[in-house]
$ cat target_31.pdb   # PDB, C-alpha atoms
ATOM      1  CA  ASN A 195      27.063  81.814 117.459
ATOM      2  CA  PHE A 196      26.915  78.697 115.265
ATOM      3  CA  VAL A 197      23.260  79.392 114.413
ATOM      4  CA  TRP A 198      23.271  83.160 113.960
ATOM      5  CA  ASN A 199      26.770  83.728 112.528
ATOM      6  CA  PRO A 200      27.067  81.076 109.821
ATOM      7  CA  ASN A 201      30.373  80.170 108.274
ATOM      8  CA  LEU A 202      29.651  80.664 104.577
ATOM      9  CA  SER A 203      32.719  78.653 103.562
ATOM     10  CA  GLY A 204      30.839  75.600 104.806
ATOM     11  CA  LEU A 205      28.510  75.889 101.808
ATOM     12  CA  ALA A 206      31.304  74.432  99.686
ATOM     13  CA  ASN A 207      31.567  71.405 101.979
ATOM     14  CA  PRO A 208      29.368  68.519 100.708
ATOM     15  CA  THR A 209      29.310  66.838 104.135
ATOM     16  CA  THR A 210      27.659  69.983 105.516
ATOM     17  CA  TRP A 211      24.923  69.633 102.914
ATOM     18  CA  LEU A 212      24.608  65.906 103.641
ATOM     19  CA  ALA A 213      24.140  66.611 107.364
ATOM     20  CA  ALA A 214      21.642  69.391 106.627
ATOM     21  CA  ALA A 215      19.661  67.195 104.230
ATOM     22  CA  GLY A 216      19.629  64.345 106.743
ATOM     23  CA  GLN A 217      18.385  66.684 109.486
ATOM     24  CA  ILE A 218      15.622  68.126 107.301
ATOM     25  CA  PHE A 219      14.502  64.691 106.076
ATOM     26  CA  PHE A 220      14.569  63.301 109.610
ATOM     27  CA  THR A 221      12.570  66.112 111.193
ATOM     28  CA  LEU A 222       9.978  66.067 108.380
ATOM     29  CA  SER A 223       9.862  62.224 108.296
ATOM     30  CA  VAL A 224      11.011  62.074 104.671
ATOM     31  CA  GLY A 225      12.863  58.935 103.590
ATOM     32  CA  MET A 226      11.312  56.721 106.269
ATOM     33  CA  GLY A 227       8.054  54.864 106.836
ATOM     34  CA  SER A 228       6.194  57.567 108.782
ATOM     35  CA  ILE A 229       4.865  59.410 105.735
ATOM     36  CA  HIS A 230       3.633  56.160 104.206
ATOM     37  CA  CYS A 231       1.794  55.336 107.411
ATOM     38  CA  TYR A 232      -0.010  58.669 107.457
ATOM     39  CA  ALA A 233      -0.675  58.563 103.706
ATOM     40  CA  ALA A 234      -2.584  55.303 104.126
ATOM     41  CA  TYR A 235      -5.221  57.189 106.148
ATOM     42  CA  VAL A 236      -5.543  60.188 103.826
ATOM     43  CA  LYS A 237      -8.799  60.413 101.890
ATOM     44  CA  LYS A 238      -8.818  61.107  98.172
ATOM     45  CA  ASP A 239      -9.748  64.800  98.350
ATOM     46  CA  HIS A 240      -7.770  65.802 101.431
ATOM     47  CA  ASP A 241      -5.703  68.969 101.046
ATOM     48  CA  ILE A 242      -2.189  67.515 100.761
ATOM     49  CA  ALA A 243      -0.523  70.751  99.635
ATOM     50  CA  LEU A 244      -1.623  72.907 102.571
ATOM     51  CA  ASN A 245      -1.024  70.155 105.138
ATOM     52  CA  ALA A 246       2.483  69.477 103.860
ATOM     53  CA  ALA A 247       3.388  73.165 103.662
ATOM     54  CA  SER A 248       2.007  74.012 107.108
ATOM     55  CA  ALA A 249       3.809  71.020 108.647
ATOM     56  CA  GLY A 250       7.107  72.281 107.228
ATOM     57  CA  TRP A 251       6.518  75.878 108.289
ATOM     58  CA  MET A 252       5.471  75.028 111.834
ATOM     59  CA  ASN A 253       8.303  72.549 112.294
ATOM     60  CA  GLU A 254      10.962  75.058 111.281
ATOM     61  CA  PHE A 255       9.285  77.797 113.356
ATOM     62  CA  VAL A 256       9.470  75.658 116.492
ATOM     63  CA  GLU A 257      12.960  74.281 115.849
ATOM     64  CA  VAL A 258      14.762  77.387 114.595
ATOM     65  CA  LEU A 259      12.917  80.343 116.102
ATOM     66  CA  LEU A 260      11.788  78.901 119.430
ATOM     67  CA  GLY A 261      14.785  76.646 119.882
ATOM     68  CA  GLY A 262      17.400  79.128 118.672
ATOM     69  CA  SER A 263      15.869  82.335 120.037
ATOM     70  CA  ILE A 264      14.584  81.132 123.409
ATOM     71  CA  LEU A 265      16.011  77.823 124.568
ATOM     72  CA  ILE A 266      19.729  78.282 123.867
ATOM     73  CA  PRO A 267      19.958  81.920 125.113
ATOM     74  CA  ILE A 268      18.154  81.016 128.365
ATOM     75  CA  ALA A 269      20.513  78.095 128.981
ATOM     76  CA  THR A 270      23.532  80.276 128.147
ATOM     77  CA  ALA A 271      22.389  83.129 130.413
ATOM     78  CA  ASN A 272      21.801  80.835 133.388
ATOM     79  CA  LEU A 273      24.618  78.312 133.044
ATOM     80  CA  GLY A 274      27.253  80.119 131.018
ATOM     81  CA  LEU A 275      28.508  79.665 127.503
ATOM     82  CA  ALA A 276      31.063  77.002 128.420
ATOM     83  CA  ALA A 277      28.402  74.665 129.832
ATOM     84  CA  VAL A 278      26.219  74.908 126.735
ATOM     85  CA  GLN A 279      29.210  74.469 124.423
ATOM     86  CA  ALA A 280      30.300  71.379 126.346
ATOM     87  CA  ALA A 281      26.792  69.910 126.174
ATOM     88  CA  THR A 282      26.526  70.372 122.417
ATOM     89  CA  ALA A 283      30.083  69.281 121.582
ATOM     90  CA  GLY A 284      30.158  67.307 118.349
ATOM     91  CA  GLY A 285      27.017  68.967 117.023
ATOM     92  CA  SER A 286      24.596  66.856 119.057
ATOM     93  CA  GLY A 287      21.603  68.191 120.948
ATOM     94  CA  PHE A 288      21.565  65.128 123.219
ATOM     95  CA  GLY A 289      23.668  66.777 125.918
ATOM     96  CA  LEU A 290      21.627  69.979 125.803
ATOM     97  CA  GLY A 291      18.306  68.173 126.140
ATOM     98  CA  PHE A 292      19.232  65.552 128.724
ATOM     99  CA  LEU A 293      22.122  67.085 130.674
ATOM    100  CA  THR A 294      22.161  70.878 130.477
ATOM    101  CA  LEU A 295      18.419  71.612 130.703
ATOM    102  CA  PRO A 296      17.816  69.475 133.827
ATOM    103  CA  VAL A 297      20.592  71.440 135.553
ATOM    104  CA  LEU A 298      18.952  74.645 134.341
ATOM    105  CA  PHE A 299      15.556  73.579 135.707
ATOM    106  CA  ASN A 300      17.073  72.900 139.120
ATOM    107  CA  ASN A 301      17.790  76.627 139.432
ATOM    108  CA  TRP A 302      14.092  77.514 139.056
ATOM    109  CA  GLY A 303      12.961  76.717 142.595
ATOM    110  CA  TRP A 304       9.376  75.468 142.944
ATOM    111  CA  PHE A 305       8.869  75.576 139.170
ATOM    112  CA  ALA A 306      11.725  73.097 138.542
ATOM    113  CA  PRO A 307       9.669  69.846 138.740
ATOM    114  CA  ILE A 308       6.907  71.402 136.615
ATOM    115  CA  ALA A 309       9.400  72.525 133.948
ATOM    116  CA  GLY A 310      11.076  69.108 134.002
ATOM    117  CA  ALA A 311       7.748  67.286 133.669
ATOM    118  CA  MET A 312       6.694  69.527 130.777
ATOM    119  CA  TRP A 313      10.050  69.215 128.966
ATOM    120  CA  PHE A 314      10.484  65.461 129.271
ATOM    121  CA  GLY A 315       6.754  64.954 128.743
ATOM    122  CA  LEU A 316       7.053  66.709 125.383
ATOM    123  CA  LEU A 317      10.108  64.614 124.510
ATOM    124  CA  PHE A 318       8.222  61.453 125.464
ATOM    125  CA  PHE A 319       5.204  62.281 123.325
ATOM    126  CA  ALA A 320       7.426  63.311 120.413
ATOM    127  CA  GLY A 321       9.284  60.027 120.654
ATOM    128  CA  ILE A 322       6.267  57.774 121.186
ATOM    129  CA  THR A 323       4.242  59.297 118.341
ATOM    130  CA  SER A 324       7.195  58.958 115.970
ATOM    131  CA  SER A 325       7.709  55.359 117.107
ATOM    132  CA  LEU A 326       4.055  54.543 116.479
ATOM    133  CA  ALA A 327       4.231  56.056 113.006
ATOM    134  CA  MET A 328       7.401  54.130 112.150
ATOM    135  CA  GLY A 329       6.170  50.924 113.761
ATOM    136  CA  GLN A 330       2.806  50.800 112.028
ATOM    137  CA  PRO A 331       4.197  50.092 108.505
ATOM    138  CA  VAL A 332       6.394  47.319 109.936
ATOM    139  CA  MET A 333       3.514  45.684 111.799
ATOM    140  CA  ALA A 334       1.168  46.067 108.831
ATOM    141  CA  PHE A 335       3.820  44.420 106.625
ATOM    142  CA  PHE A 336       3.955  41.327 108.839
ATOM    143  CA  GLU A 337       0.172  41.202 109.108
ATOM    144  CA  ASP A 338      -0.545  41.609 105.396
ATOM    145  CA  GLU A 339       2.322  39.621 103.899
ATOM    146  CA  PHE A 340       2.925  36.862 106.451
ATOM    147  CA  GLY A 341      -0.496  36.563 108.084
ATOM    148  CA  MET A 342       0.671  37.465 111.602
ATOM    149  CA  LYS A 343      -1.750  38.473 114.302
ATOM    150  CA  ARG A 344      -1.630  42.107 115.368
ATOM    151  CA  GLN A 345      -0.349  41.298 118.840
ATOM    152  CA  LYS A 346       2.418  39.033 117.557
ATOM    153  CA  SER A 347       3.622  41.588 114.981
ATOM    154  CA  ALA A 348       3.634  44.294 117.670
ATOM    155  CA  LEU A 349       5.667  42.108 120.037
ATOM    156  CA  LEU A 350       8.138  41.302 117.249
ATOM    157  CA  PHE A 351       8.575  44.988 116.472
ATOM    158  CA  VAL A 352       9.039  45.858 120.164
ATOM    159  CA  ALA A 353      11.612  43.086 120.612
ATOM    160  CA  ALA A 354      13.639  44.218 117.588
ATOM    161  CA  THR A 355      13.477  47.864 118.685
ATOM    162  CA  PHE A 356      14.524  46.980 122.228
ATOM    163  CA  ALA A 357      17.469  44.883 121.000
ATOM    164  CA  LEU A 358      18.782  47.633 118.719
ATOM    165  CA  GLY A 359      18.168  50.285 121.377
ATOM    166  CA  PHE A 360      19.969  48.205 124.002
ATOM    167  CA  PHE A 361      22.964  47.893 121.676
ATOM    168  CA  CYS A 362      23.111  51.709 121.407
ATOM    169  CA  VAL A 363      22.850  52.214 125.169
ATOM    170  CA  TRP A 364      25.312  49.444 126.017
ATOM    171  CA  LEU A 365      28.005  50.676 123.641
ATOM    172  CA  TYR A 366      27.171  54.383 123.747
ATOM    173  CA  PRO A 367      30.655  55.368 125.062
ATOM    174  CA  GLY A 368      32.228  53.488 122.156
ATOM    175  CA  GLY A 369      30.319  55.418 119.523
ATOM    176  CA  ALA A 370      27.474  53.006 118.666
ATOM    177  CA  PHE A 371      24.843  55.738 118.954
ATOM    178  CA  ASP A 372      26.847  58.046 116.682
ATOM    179  CA  GLU A 373      27.077  55.285 114.069
ATOM    180  CA  PHE A 374      23.320  54.644 114.238
ATOM    181  CA  ASP A 375      22.694  58.378 113.973
ATOM    182  CA  PHE A 376      24.895  58.894 110.900
ATOM    183  CA  TRP A 377      24.135  55.778 108.871
ATOM    184  CA  THR A 378      20.396  55.639 109.587
ATOM    185  CA  GLY A 379      19.568  59.236 110.517
ATOM    186  CA  THR A 380      21.618  60.974 107.812
ATOM    187  CA  PHE A 381      23.138  58.737 105.118
ATOM    188  CA  SER A 382      20.222  56.325 104.640
ATOM    189  CA  LEU A 383      17.604  59.085 104.745
ATOM    190  CA  VAL A 384      19.350  60.902 101.906
ATOM    191  CA  VAL A 385      19.610  57.668  99.884
ATOM    192  CA  PHE A 386      15.942  56.779 100.419
ATOM    193  CA  ALA A 387      14.767  60.347  99.778
ATOM    194  CA  LEU A 388      16.685  60.301  96.497
ATOM    195  CA  GLY A 389      15.009  57.008  95.608
ATOM    196  CA  GLU A 390      11.588  58.390  96.508
ATOM    197  CA  ALA A 391      12.150  61.471  94.336
ATOM    198  CA  PHE A 392      13.001  59.282  91.322
ATOM    199  CA  ILE A 393      10.102  56.888  91.971
ATOM    200  CA  PHE A 394       7.589  59.718  92.363
ATOM    201  CA  SER A 395       8.778  61.650  89.308
ATOM    202  CA  TYR A 396       9.673  58.924  86.820
ATOM    203  CA  ILE A 397       7.950  55.678  87.849
ATOM    204  CA  PHE A 398       4.683  56.881  89.373
ATOM    205  CA  GLY A 399       4.872  59.847  86.998
ATOM    206  CA  ILE A 400       5.075  63.560  87.693
ATOM    207  CA  GLU A 401       1.785  64.269  85.895
ATOM    208  CA  LYS A 402      -0.161  61.821  88.081
ATOM    209  CA  GLY A 403       1.770  63.033  91.119
ATOM    210  CA  TRP A 404       0.991  66.658  90.360
ATOM    211  CA  GLU A 405      -2.699  65.812  90.075
ATOM    212  CA  GLU A 406      -2.579  64.079  93.459
ATOM    213  CA  ILE A 407      -0.847  67.066  95.097
ATOM    214  CA  ASN A 408      -3.362  69.620  93.851
ATOM    215  CA  ARG A 409      -6.572  67.594  94.149
ATOM    216  CA  GLY A 410      -8.739  69.235  96.808
ATOM    217  CA  ALA A 411      -6.058  71.810  97.601
ATOM    218  CA  ASP A 412      -7.103  75.286  98.752
ATOM    219  CA  MET A 413      -3.553  76.472  98.134
ATOM    220  CA  LYS A 414      -2.517  75.673  94.566
ATOM    221  CA  VAL A 415       1.153  74.804  94.268
ATOM    222  CA  PRO A 416       2.921  77.034  91.691
ATOM    223  CA  GLN A 417       3.651  75.261  88.408
ATOM    224  CA  ILE A 418       7.404  75.782  88.752
ATOM    225  CA  PHE A 419       7.533  73.240  91.565
ATOM    226  CA  LYS A 420       6.569  70.492  89.130
ATOM    227  CA  TYR A 421       9.944  70.969  87.442
ATOM    228  CA  VAL A 422      11.701  71.440  90.772
ATOM    229  CA  ILE A 423      10.365  68.060  91.925
ATOM    230  CA  LYS A 424      11.191  66.305  88.663
ATOM    231  CA  TYR A 425      14.599  67.773  87.817
ATOM    232  CA  VAL A 426      16.087  70.030  90.503
ATOM    233  CA  THR A 427      15.415  67.942  93.599
ATOM    234  CA  PRO A 428      16.852  64.598  92.334
ATOM    235  CA  ALA A 429      19.856  66.343  90.739
ATOM    236  CA  PHE A 430      20.539  68.409  93.848
ATOM    237  CA  ILE A 431      20.379  65.433  96.205
ATOM    238  CA  LEU A 432      22.509  63.355  93.821
ATOM    239  CA  VAL A 433      25.200  66.029  93.727
ATOM    240  CA  ILE A 434      25.177  66.315  97.532
ATOM    241  CA  PHE A 435      25.367  62.551  97.938
ATOM    242  CA  GLY A 436      28.153  62.098  95.379
ATOM    243  CA  GLY A 437      30.150  64.974  96.840
ATOM    244  CA  ALA A 438      29.849  63.627 100.387
ATOM    245  CA  VAL A 439      30.877  60.115  99.310
ATOM    246  CA  LEU A 440      33.924  61.251  97.303
ATOM    247  CA  LYS A 441      34.910  64.433  99.141
ATOM    248  CA  PRO A 442      38.671  64.993  98.605
ATOM    249  CA  ALA A 443      41.173  65.862 101.296
ATOM    250  CA  GLY A 444      41.966  69.190  99.633
ATOM    251  CA  ALA A 445      40.345  71.375  97.030
ATOM    252  CA  TRP A 446      38.318  69.709  94.301
ATOM    253  CA  GLY A 447      40.545  71.173  91.591
ATOM    254  CA  ASP A 448      43.666  69.751  93.240
ATOM    255  CA  ALA A 449      41.940  66.372  93.577
ATOM    256  CA  PHE A 450      41.116  66.199  89.862
ATOM    257  CA  SER A 451      44.661  67.317  88.986
ATOM    258  CA  GLY A 452      46.115  64.599  91.181
ATOM    259  CA  LEU A 453      43.792  62.010  89.653
ATOM    260  CA  PHE A 454      44.768  62.830  86.065
ATOM    261  CA  SER A 455      48.465  63.067  86.955
ATOM    262  CA  GLY A 456      48.473  59.555  88.411
ATOM    263  CA  GLN A 457      48.604  60.564  92.078
ATOM    264  CA  GLY A 458      45.164  59.179  92.823
ATOM    265  CA  TRP A 459      42.192  60.693  94.601
ATOM    266  CA  LYS A 460      42.965  61.506  98.231
ATOM    267  CA  LEU A 461      39.764  61.199 100.249
ATOM    268  CA  ALA A 462      38.885  63.445 103.188
ATOM    269  CA  ALA A 463      38.536  61.860 106.607
ATOM    270  CA  ASP A 464      34.935  63.069 106.920
ATOM    271  CA  SER A 465      33.859  61.743 103.519
ATOM    272  CA  VAL A 466      31.554  58.726 103.549
ATOM    273  CA  ILE A 467      34.276  56.431 102.215
ATOM    274  CA  GLY A 468      36.729  58.047 104.629
ATOM    275  CA  LYS A 469      34.445  57.133 107.532
ATOM    276  CA  VAL A 470      34.190  53.553 106.318
ATOM    277  CA  LEU A 471      37.969  53.275 106.023
ATOM    278  CA  HIS A 472      38.635  55.122 109.330
ATOM    279  CA  LEU A 473      40.895  57.639 107.583
ATOM    280  CA  GLY A 474      40.582  60.182 110.375
ATOM    281  CA  GLU A 475      41.566  57.747 113.112
ATOM    282  CA  PRO A 476      45.357  57.386 113.492
ATOM    283  CA  GLY A 477      46.428  54.064 114.933
ATOM    284  CA  TYR A 478      43.121  52.417 114.088
ATOM    285  CA  ARG A 479      42.809  48.878 115.439
ATOM    286  CA  TRP A 480      40.210  46.666 117.085
ATOM    287  CA  PHE A 481      42.033  45.920 120.376
ATOM    288  CA  ASP A 482      44.455  47.926 122.503
ATOM    289  CA  ASP A 483      47.617  46.599 124.138
ATOM    290  CA  ALA A 484      45.603  45.318 127.108
ATOM    291  CA  GLY A 485      43.320  43.324 124.834
ATOM    292  CA  ARG A 486      40.318  45.596 125.343
ATOM    293  CA  GLY A 487      38.038  46.541 122.491
ATOM    294  CA  THR A 488      38.578  49.986 120.981
ATOM    295  CA  ARG A 489      36.191  52.545 119.509
ATOM    296  CA  GLY A 490      37.135  51.239 116.068
ATOM    297  CA  LEU A 491      35.813  47.781 117.010
ATOM    298  CA  VAL A 492      32.516  49.234 118.249
ATOM    299  CA  GLU A 493      32.101  51.298 115.073
ATOM    300  CA  ASP A 494      32.765  48.340 112.776
ATOM    301  CA  MET A 495      30.500  45.976 114.738
ATOM    302  CA  THR A 496      27.741  48.597 114.654
ATOM    303  CA  ARG A 497      28.093  48.872 110.880
ATOM    304  CA  VAL A 498      27.928  45.094 110.543
ATOM    305  CA  LEU A 499      24.781  45.051 112.688
ATOM    306  CA  LEU A 500      23.138  47.784 110.593
ATOM    307  CA  SER A 501      24.054  45.927 107.405
ATOM    308  CA  LEU A 502      22.468  42.752 108.781
ATOM    309  CA  VAL A 503      19.304  44.665 109.697
ATOM    310  CA  PHE A 504      19.088  46.100 106.187
ATOM    311  CA  ALA A 505      19.791  42.703 104.602
ATOM    312  CA  THR A 506      17.086  41.107 106.773
ATOM    313  CA  CYS A 507      14.544  43.760 105.740
ATOM    314  CA  ALA A 508      15.478  43.307 102.079
ATOM    315  CA  PHE A 509      15.114  39.516 102.380
ATOM    316  CA  LEU A 510      11.691  39.839 104.005
ATOM    317  CA  VAL A 511      10.493  42.164 101.244
ATOM    318  CA  TRP A 512      11.809  39.737  98.609
ATOM    319  CA  LYS A 513      10.107  36.829 100.400
ATOM    320  CA  ALA A 514       6.812  38.721 100.564
ATOM    321  CA  TRP A 515       7.070  39.541  96.856
ATOM    322  CA  LYS A 516       7.628  35.895  95.983
ATOM    323  CA  ASN A 517       4.684  34.843  98.130
ATOM    324  CA  LYS A 518       2.483  37.373  96.364
ATOM    325  CA  GLU A 519       3.596  36.077  92.950
ATOM    326  CA  ARG A 520       2.657  32.534  93.949
ATOM    327  CA  ARG A 521      -0.749  33.713  95.135
TER     328      ARG A 521
END
$ encode --input "target_31.pdb" --output "structure tokens"
Amino acid sequence: NFVWNPNLSGLANPTTWLAAAGQIFFTLSVGMGSIHCYAAYVKKDHDIALNAASAGWMNEFVEVLLGGSILIPIATANLGLAAVQAATAGGSGFGLGFLTLPVLFNNWGWFAPIAGAMWFGLLFFAGITSSLAMGQPVMAFFEDEFGMKRQKSALLFVAATFALGFFCVWLYPGGAFDEFDFWTGTFSLVVFALGEAFIFSYIFGIEKGWEEINRGADMKVPQIFKYVIKYVTPAFILVIFGGAVLKPAGAWGDAFSGLFSGQGWKLAADSVIGKVLHLGEPGYRWFDDAGRGTRGLVEDMTRVLLSLVFATCAFLVWKAWKNKERR
């Protein structure tokens, strides 16, 4: 019902657009290191336009048509609507993939272990190939900029990934995974994609970029997309990002009226700033009456950890830049 009967009023909600943009960027590997890894192996005259377009088409075909038309109806028909709704509560597909479908497979008799092996095998290969693509730029960075051996850089990457993954698993009930998912899988992807759009269009240059896109292409990209890339895309993402950060508690008109009348700007609980300030969490505190840590503590510690990871990456890039200047 959520997929096939959309609530059109949600189009006015900037957090809906932020979540949609984050999902699209994540599934197409935009705003992260995967694209840069693959681009390093592309030859000069490879057909970038057709490859990029076909990747987008096939991805959406599998996710929307196969996932929405086959997977969810089968699970609903076998297990009931309540079970599927409970598994996907909060908008996450984690419960559907790891809880509901294994129960569904158990009802398939002799085919159950085969279906389970195929399903989790596909998930494994999807995860491992994405990890390799995201790990390669990190390992290459340590090898090129700090002279590390390949094995040592790989071990360092594995150790860091294991530590961050263990943190998510350990504090999953407290919301650590949700924090990782939002700040890295949605918010940061939109920020980095916005940066990439500006860099491609205004620093690298849209004319040089357009030549790169169409060189060796069997499918010529229509000229209008040059202006979409340069003007529409950055402006659109910027509007989405600004709206999600400053989303008001009520209507936008009421928020501006309250601001100019001296009543201030009342932020919505699901705005980015609202999340940071825990506006939607009544009685927010770090410890309960028994002295045990609360969900608020886990969320804040996760944000501190993510900030430290980002600061560490930024420091390493700065250090590498300084080393290159000295050389």
$ closest_atom_pairs --input "target_31.pdb" --of "region 364-440 of chain A" --to "region 496-516 of chain A" --cutoff "8 Å" --atoms "all atoms listed in the file" --output "CSV"
residue,atom,partner,partner_atom,distance
A:Ala370,CA,A:Thr496,CA,6.0
A:Glu373,CA,A:Thr496,CA,6.7
A:Phe374,CA,A:Thr496,CA,7.5
$ resolve_selection --input "target_31.pdb" --expression "the PyMOL selection byres ((chain A and resi 491) around 12)" --output "number ranges by chain"
A: 365, 368-370, 373, 472, 478-482, 485-490, 492-498
$ resolve_selection --input "target_31.pdb" --expression "the PyMOL selection byres ((chain A and resi 441-445) around 7)" --output "PDB file with C-alpha atoms, in the coordinates of the input"
ATOM      1  CA  GLY A 437      30.150  64.974  96.840  1.00  0.00           C
ATOM      2  CA  ALA A 438      29.849  63.627 100.387  1.00  0.00           C
ATOM      3  CA  VAL A 439      30.877  60.115  99.310  1.00  0.00           C
ATOM      4  CA  LEU A 440      33.924  61.251  97.303  1.00  0.00           C
ATOM      5  CA  TRP A 446      38.318  69.709  94.301  1.00  0.00           C
ATOM      6  CA  GLY A 447      40.545  71.173  91.591  1.00  0.00           C
ATOM      7  CA  ASP A 448      43.666  69.751  93.240  1.00  0.00           C
ATOM      8  CA  ALA A 449      41.940  66.372  93.577  1.00  0.00           C
ATOM      9  CA  TRP A 459      42.192  60.693  94.601  1.00  0.00           C
ATOM     10  CA  LYS A 460      42.965  61.506  98.231  1.00  0.00           C
ATOM     11  CA  LEU A 461      39.764  61.199 100.249  1.00  0.00           C
ATOM     12  CA  ALA A 462      38.885  63.445 103.188  1.00  0.00           C
ATOM     13  CA  SER A 465      33.859  61.743 103.519  1.00  0.00           C
TER      14      SER A 465
END
$ axis_aligned_box --input "target_31.pdb" --around "region 335-347 of chain A" --padding-each-side "8 Å" --output "lines of an AutoDock Vina configuration file"
center_x = 1.1
center_y = 40.5
center_z = 111.4
size_x = 21.7
size_y = 23.9
size_z = 30.9
$ residues_near_point --input "target_31.pdb" --point "(29.2, 68.8, 102.1)" --cutoff "12 Å" --atoms "all atoms listed in the file" --output "number ranges by chain"
A: 203-216, 430-442, 462, 464-466
$ residues_around --input "target_31.pdb" --residues "Thr221 (chain A)" --least-positions-apart "3" --cutoff "12 Å" --atoms "only C-alpha atoms" --output "PyMOL selection string"
chain A and resi 214-218+224-226+228-229+249-254+256-258+320-321+324+379-380+383
$ resolve_selection --input "target_31.pdb" --expression "the PyMOL selection byres ((chain A and resi 428) around 12)" --output "MDAnalysis selection string"
chainID A and resid 384:396 421:427 429:436
$ atom_distance --input "target_31.pdb" --atom1 "CA of Cys362 (chain A)" --atom2 "CA of His230 (chain A)"
26.4 Å
$ residues_near_point --input "target_31.pdb" --point "(11.4, 64.6, 126.5)" --cutoff "12 Å" --atoms "all atoms listed in the file" --output "ChimeraX atom specification"
/A:288,290-293,295-296,309-322
$ write_last_selection --input "target_31.pdb" --atoms "C-alpha atoms" --output "mmCIF file, keeping the file's coordinate frame"
data_model
loop_
_atom_site.group_PDB
_atom_site.id
_atom_site.type_symbol
_atom_site.label_atom_id
_atom_site.label_comp_id
_atom_site.auth_asym_id
_atom_site.auth_seq_id
_atom_site.Cartn_x
_atom_site.Cartn_y
_atom_site.Cartn_z
ATOM 1 C CA PHE A 288 21.565 65.128 123.219
ATOM 2 C CA LEU A 290 21.627 69.979 125.803
ATOM 3 C CA GLY A 291 18.306 68.173 126.140
ATOM 4 C CA PHE A 292 19.232 65.552 128.724
ATOM 5 C CA LEU A 293 22.122 67.085 130.674
ATOM 6 C CA LEU A 295 18.419 71.612 130.703
ATOM 7 C CA PRO A 296 17.816 69.475 133.827
ATOM 8 C CA ALA A 309 9.400 72.525 133.948
ATOM 9 C CA GLY A 310 11.076 69.108 134.002
ATOM 10 C CA ALA A 311 7.748 67.286 133.669
ATOM 11 C CA MET A 312 6.694 69.527 130.777
ATOM 12 C CA TRP A 313 10.050 69.215 128.966
ATOM 13 C CA PHE A 314 10.484 65.461 129.271
ATOM 14 C CA GLY A 315 6.754 64.954 128.743
ATOM 15 C CA LEU A 316 7.053 66.709 125.383
ATOM 16 C CA LEU A 317 10.108 64.614 124.510
ATOM 17 C CA PHE A 318 8.222 61.453 125.464
ATOM 18 C CA PHE A 319 5.204 62.281 123.325
ATOM 19 C CA ALA A 320 7.426 63.311 120.413
ATOM 20 C CA GLY A 321 9.284 60.027 120.654
ATOM 21 C CA ILE A 322 6.267 57.774 121.186
#
$ residues_around --input "target_31.pdb" --residues "Leu244 (chain A)" --least-positions-apart "3" --cutoff "7 Å" --atoms "all atoms listed in the file" --output "PyMOL selection string"
chain A and resi 241+247-248+411+413
$ residues_around --input "target_31.pdb" --residues "Lys414 (chain A)" --least-positions-apart "4" --cutoff "9 Å" --atoms "only C-alpha atoms" --output "list in words"
Ala243, Leu244, Ile407 and Asn408 of chain A
$ closest_residue --input "target_31.pdb" --among "A:Gly456, A:Pro416, A:Leu350, A:Asn201" --to "Glu337 (chain A)" --atoms "all atoms listed in the file"
A:Leu350
$ atom_distance --input "target_31.pdb" --atom1 "CA of Lys420 (chain A)" --atom2 "CA of Glu405 (chain A)"
10.4 Å
$ atom_distance --input "target_31.pdb" --atom1 "CA of Phe335 (chain A)" --atom2 "CA of Phe371 (chain A)"
26.9 Å
$ build_atoms --input "target_31.pdb" --residues "region 313-322 of chain A" --atoms "N, CA and C atoms" --output "compact mmCIF listing (two decimals), keeping the file's coordinate frame"
# COMPACT_ATOMS: atom_id res chain seq x y z
N TRP A 313 9.00 69.42 129.97
CA TRP A 313 10.05 69.22 128.97
C TRP A 313 10.15 67.74 128.59
N PHE A 314 10.31 66.88 129.59
CA PHE A 314 10.48 65.46 129.27
C PHE A 314 9.17 64.83 128.84
N GLY A 315 8.04 65.42 129.26
CA GLY A 315 6.75 64.95 128.74
C GLY A 315 6.64 65.21 127.25
N LEU A 316 7.07 66.40 126.81
CA LEU A 316 7.05 66.71 125.38
C LEU A 316 7.98 65.78 124.61
N LEU A 317 9.18 65.53 125.17
CA LEU A 317 10.11 64.61 124.51
C LEU A 317 9.51 63.21 124.40
N PHE A 318 8.82 62.79 125.48
CA PHE A 318 8.22 61.45 125.46
C PHE A 318 7.17 61.35 124.37
N PHE A 319 6.27 62.34 124.32
CA PHE A 319 5.20 62.28 123.32
C PHE A 319 5.76 62.40 121.91
N ALA A 320 6.80 63.21 121.74
CA ALA A 320 7.43 63.31 120.41
C ALA A 320 8.02 61.97 120.01
N GLY A 321 8.67 61.31 120.96
CA GLY A 321 9.28 60.03 120.65
C GLY A 321 8.27 58.92 120.43
N ILE A 322 7.22 58.87 121.28
CA ILE A 322 6.27 57.77 121.19
C ILE A 322 5.41 57.90 119.93
